[in-house]
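A.B. asks: To start, I am sharing the structure in question, which I have written as structure tokens.
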2 protein chains.
Amino acid sequence: MLIGQKDQQLMLNVQLLSDLPDKALALLTQDAFVQGLPKGATLFDQGGHAQFLHVVLSGRVALTSGIGDCETIINIRESGEVILDAATVLGTPYSNGARLIEGGRIMMIQVGKFRDILAADAATATVTLRAFANANLTLTRYVRDLKLLTTIQRLARHLLSMTAATSGSATVTLRDERPTLAALLGMTPESLSRAFAHLRTVGVRADKGGTVSVESVRRLRRLSKLDDRSEGEPRGR
Amino acid sequence: MLIGQKDQQLMLNVQLLSDLPDKALALLTQDAFVQGLPKGATLFDQGGHAQFLHVVLSGRVALTSGIGDCETIINIRESGEVILDAATVLGTPYSNGARLIEGGRIMMIQVGKFRDILAADAATATVTLRAFANANLTLTRYVRDLKLLTTIQRLARHLLSMTAATSGSATVTLRDERPTLAALLGMTPESLSRAFAHLRTVGVRADKGGTVSVESVRRLRRLSKLDDRSEGEPRGR
DNA sequence: CGGCTTATTGACATACGTCAACTATTGTGG
DNA sequence: CCACAATAGTTGACGTATGTCAATAAGCCG
């Protein structure tokens, strides 16, 4: 077994892995290994060829995608999540790169082995399918928000997505640096700063240290056009 | 059998169905049926509960998503494609609505039956997984393009995505009306019109009838920042 | 305490949406 | 078959959101 005690512990927090049948999990992790990586480390580059399926045991990973010189963050994966790019399943080039934005421990699973199990075991395929479906949900929301909302509204929604509260006040903790958050939300750090400044006028205070207090969740929801019914928080299983 | 001769013929063009094992396909279509629907017909609404898995045998379907009063088009499904929302798999509310933007024939498969087969048959799960992975690829690209490119560049990329040529000249046919295309590309019809006007200055001519001639594909690629290596056309099987 | 990075703010440019006018196109009924 | 209305597309004028560049302020670390 190539995986230490501590990492085994961390694996328990990985939804996708714990949903897997025991047999599949054993096969999958048989020649997997774990690497401790610092902030800034690259897991893979856009356009590259998938060698591993990466599991984020701890730390945070940005999925980045660029055109020419510009680059943006498509999504962020954190502890307990699996980095499932289309490349992992299809064998196509990576549609985005992956870089640690917070140091952590990453489990590397041989992609060939993963694909073998996927093809053989319906349960594994189903679990993976669900993960992809969820990713789809998130991406769909991003596309819609980018098309229909202003920077201020996108920030508001991001804050709302980090609390379960639908009324009253709330406190959320932003774990990312401003430039990172700005890239995720599709704006410049300057615009993000201004968006925060604007939200201050509706009772949102960003303390130092990433803590943000929201005076009235409902007010934020109204502002972000999300106060109507539609969309409850999804997350299938 | 509830499905006529003509429709059986159309089913042959559906990639996902023809990748399915015979047994699974038989089960799936056993109590499925086909509806001829006019332009403007709604297949389902955002927030609703999935009852069918829809297959586009002919015509075109827009996947729409709205916040408050505004609405945009997330993607378009055409003949031979399956409308695989996360809702179909997860049982969550639909993340978007679906509306015909061109009349056609739609096959309706009982979603319960689909899920049963998915859980039991690894091959079906794998095929579905691939479809989702492909959808992911497209959505990722949309997110990136919306964040990094101008309206003109997005239009340029859309045109490029409709031709296999990577140099020389090309002719593509736009099958959608301008407002539809504008919504898909995340801009207003006016901006789309101006984008076309701009591209005219680099040798792109949009005739009446949806035919667009591109004088120099390479020039368009350069303009859309896509001239570098990265991204070849993916489409994993 | 003094560089160093990081966040904020200001001034400005620009891309894009909005509103409105105009044109072209398609369909309809006399 | 033509006049007409209705619709889609284009173009112009203008406002606003947001990116850009620069300056300042505020943490951070040696």
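The way I read the labels, and the way they are meant: chains A, B, ... in the order of the structure tokens, residue 1 as the first residue of every chain, and ligand 1 as the first ligand shown, with later ones counted on from there.
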Would you write out, as a tab-separated table, a table of all residues in chain C that have an atom no more than 10 Å from an atom of segment 9-18 of chain D, listing for each the closest atom pair and the distance in Å to one decimal, considering only C-alpha atoms (C1' of nucleotides) and ordering rows by chain and rising residue number?
C.D. replies:
```
residue	atom	partner	partner_atom	distance
C:DT14	C1'	D:DT18	C1'	9.0
C:DA15	C1'	D:DT18	C1'	8.5
C:DC16	C1'	D:DA17	C1'	8.5
C:DG17	C1'	D:DT16	C1'	8.2
C:DT18	C1'	D:DG15	C1'	8.1
C:DC19	C1'	D:DC14	C1'	8.8
C:DA20	C1'	D:DG12	C1'	8.9
C:DA21	C1'	D:DG12	C1'	8.2
C:DC22	C1'	D:DT11	C1'	7.9
C:DT23	C1'	D:DT10	C1'	7.4
C:DA24	C1'	D:DG9	C1'	7.6
C:DT25	C1'	D:DG9	C1'	9.1
```
A.B. asks: Store the residues picked out above, limited to C-alpha atoms (C1' of nucleotides), as a compact mmCIF listing (two decimals), in the first residue's frame.
C.D. replies:
```txt
# COMPACT_ATOMS: atom_id res chain seq x y z
C1' DT C 14 -13.80 51.21 -24.48
C1' DA C 15 -16.97 47.52 -25.24
C1' DC C 16 -21.40 46.74 -25.08
C1' DG C 17 -26.26 47.37 -23.92
C1' DT C 18 -30.32 50.37 -24.73
C1' DC C 19 -33.43 53.02 -27.26
C1' DA C 20 -34.94 54.64 -31.48
C1' DA C 21 -35.08 55.27 -36.38
C1' DC C 22 -34.75 53.27 -40.62
C1' DT C 23 -34.54 49.49 -44.05
C1' DA C 24 -35.43 45.18 -45.86
C1' DT C 25 -38.11 41.02 -45.92
```
A.B. asks: List every residue of segment 14-237 of chain A that DSSP, applied to the backbone, labels as helix (DSSP H, G or I), and write the result as JSON, numbers by chain.
C.D. replies: {"A": [15, 16, 17, 18, 22, 23, 24, 25, 26, 27, 28, 29, 86, 87, 88, 89, 90, 111, 112, 113, 114, 115, 116, 117, 118, 119, 120, 122, 123, 124, 125, 126, 127, 128, 129, 130, 131, 132, 133, 134, 135, 136, 137, 138, 139, 140, 141, 142, 143, 144, 145, 146, 147, 148, 151, 152, 153, 154, 155, 156, 157, 158, 159, 160, 178, 179, 180, 181, 182, 183, 184, 185, 189, 190, 191, 192, 193, 194, 195, 196, 197, 198, 199, 200, 217, 218, 219, 220, 221, 222, 223]}
A.B. asks: Skipping near chain neighbours, those fewer than 4 positions away, what residues fall within 9 Å of DA26 of chain D using only C-alpha atoms (C1' of nucleotides), listed as a ChimeraX atom specification?
C.D. replies: /C:6-8
A.B. asks: From the options B:Ser169, B:Asn136, B:Thr42, B:Ser193, which residue's atoms come nearest to chain A, counting only C-alpha atoms?
C.D. replies: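 The answer is B:Asn136, which sits nearest to chain A.
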A.B. asks: I want to know what sits within 10 Å of Arg60 of chain A, based on only C-alpha atoms (C1' of nucleotides), with residues of the same chain fewer than 5 positions away left out; could you give that as a VMD selection string?
C.D. replies: chain A and resid 39 76 to 81 99 to 106 175 to 176
A.B. asks: Residues as selected, C-alpha atoms, written as an mmCIF file, in the first residue's frame, can you do that?
C.D. replies:
```
data_model
loop_
_atom_site.group_PDB
_atom_site.id
_atom_site.type_symbol
_atom_site.label_atom_id
_atom_site.label_comp_id
_atom_site.auth_asym_id
_atom_site.auth_seq_id
_atom_site.Cartn_x
_atom_site.Cartn_y
_atom_site.Cartn_z
ATOM 1 C CA LYS A 39 0.853 26.541 -3.548
ATOM 2 C CA ILE A 76 -12.005 25.631 -7.996
ATOM 3 C CA ARG A 77 -11.750 22.173 -6.467
ATOM 4 C CA GLU A 78 -11.217 21.806 -2.748
ATOM 5 C CA SER A 79 -10.670 19.097 -0.144
ATOM 6 C CA GLY A 80 -12.763 16.033 -0.798
ATOM 7 C CA GLU A 81 -13.299 16.748 -4.469
ATOM 8 C CA ARG A 99 -2.779 24.544 -10.335
ATOM 9 C CA LEU A 100 -2.720 24.552 -6.546
ATOM 10 C CA ILE A 101 -3.836 27.886 -5.126
ATOM 11 C CA GLU A 102 -3.342 26.532 -1.644
ATOM 12 C CA GLY A 103 -0.816 23.843 -0.813
ATOM 13 C CA GLY A 104 -2.188 20.408 -0.053
ATOM 14 C CA ARG A 105 -2.072 16.680 -0.579
ATOM 15 C CA ILE A 106 -3.110 15.292 -3.941
ATOM 16 C CA ARG A 175 -10.640 31.283 1.328
ATOM 17 C CA ASP A 176 -9.207 32.690 -1.852
#
```
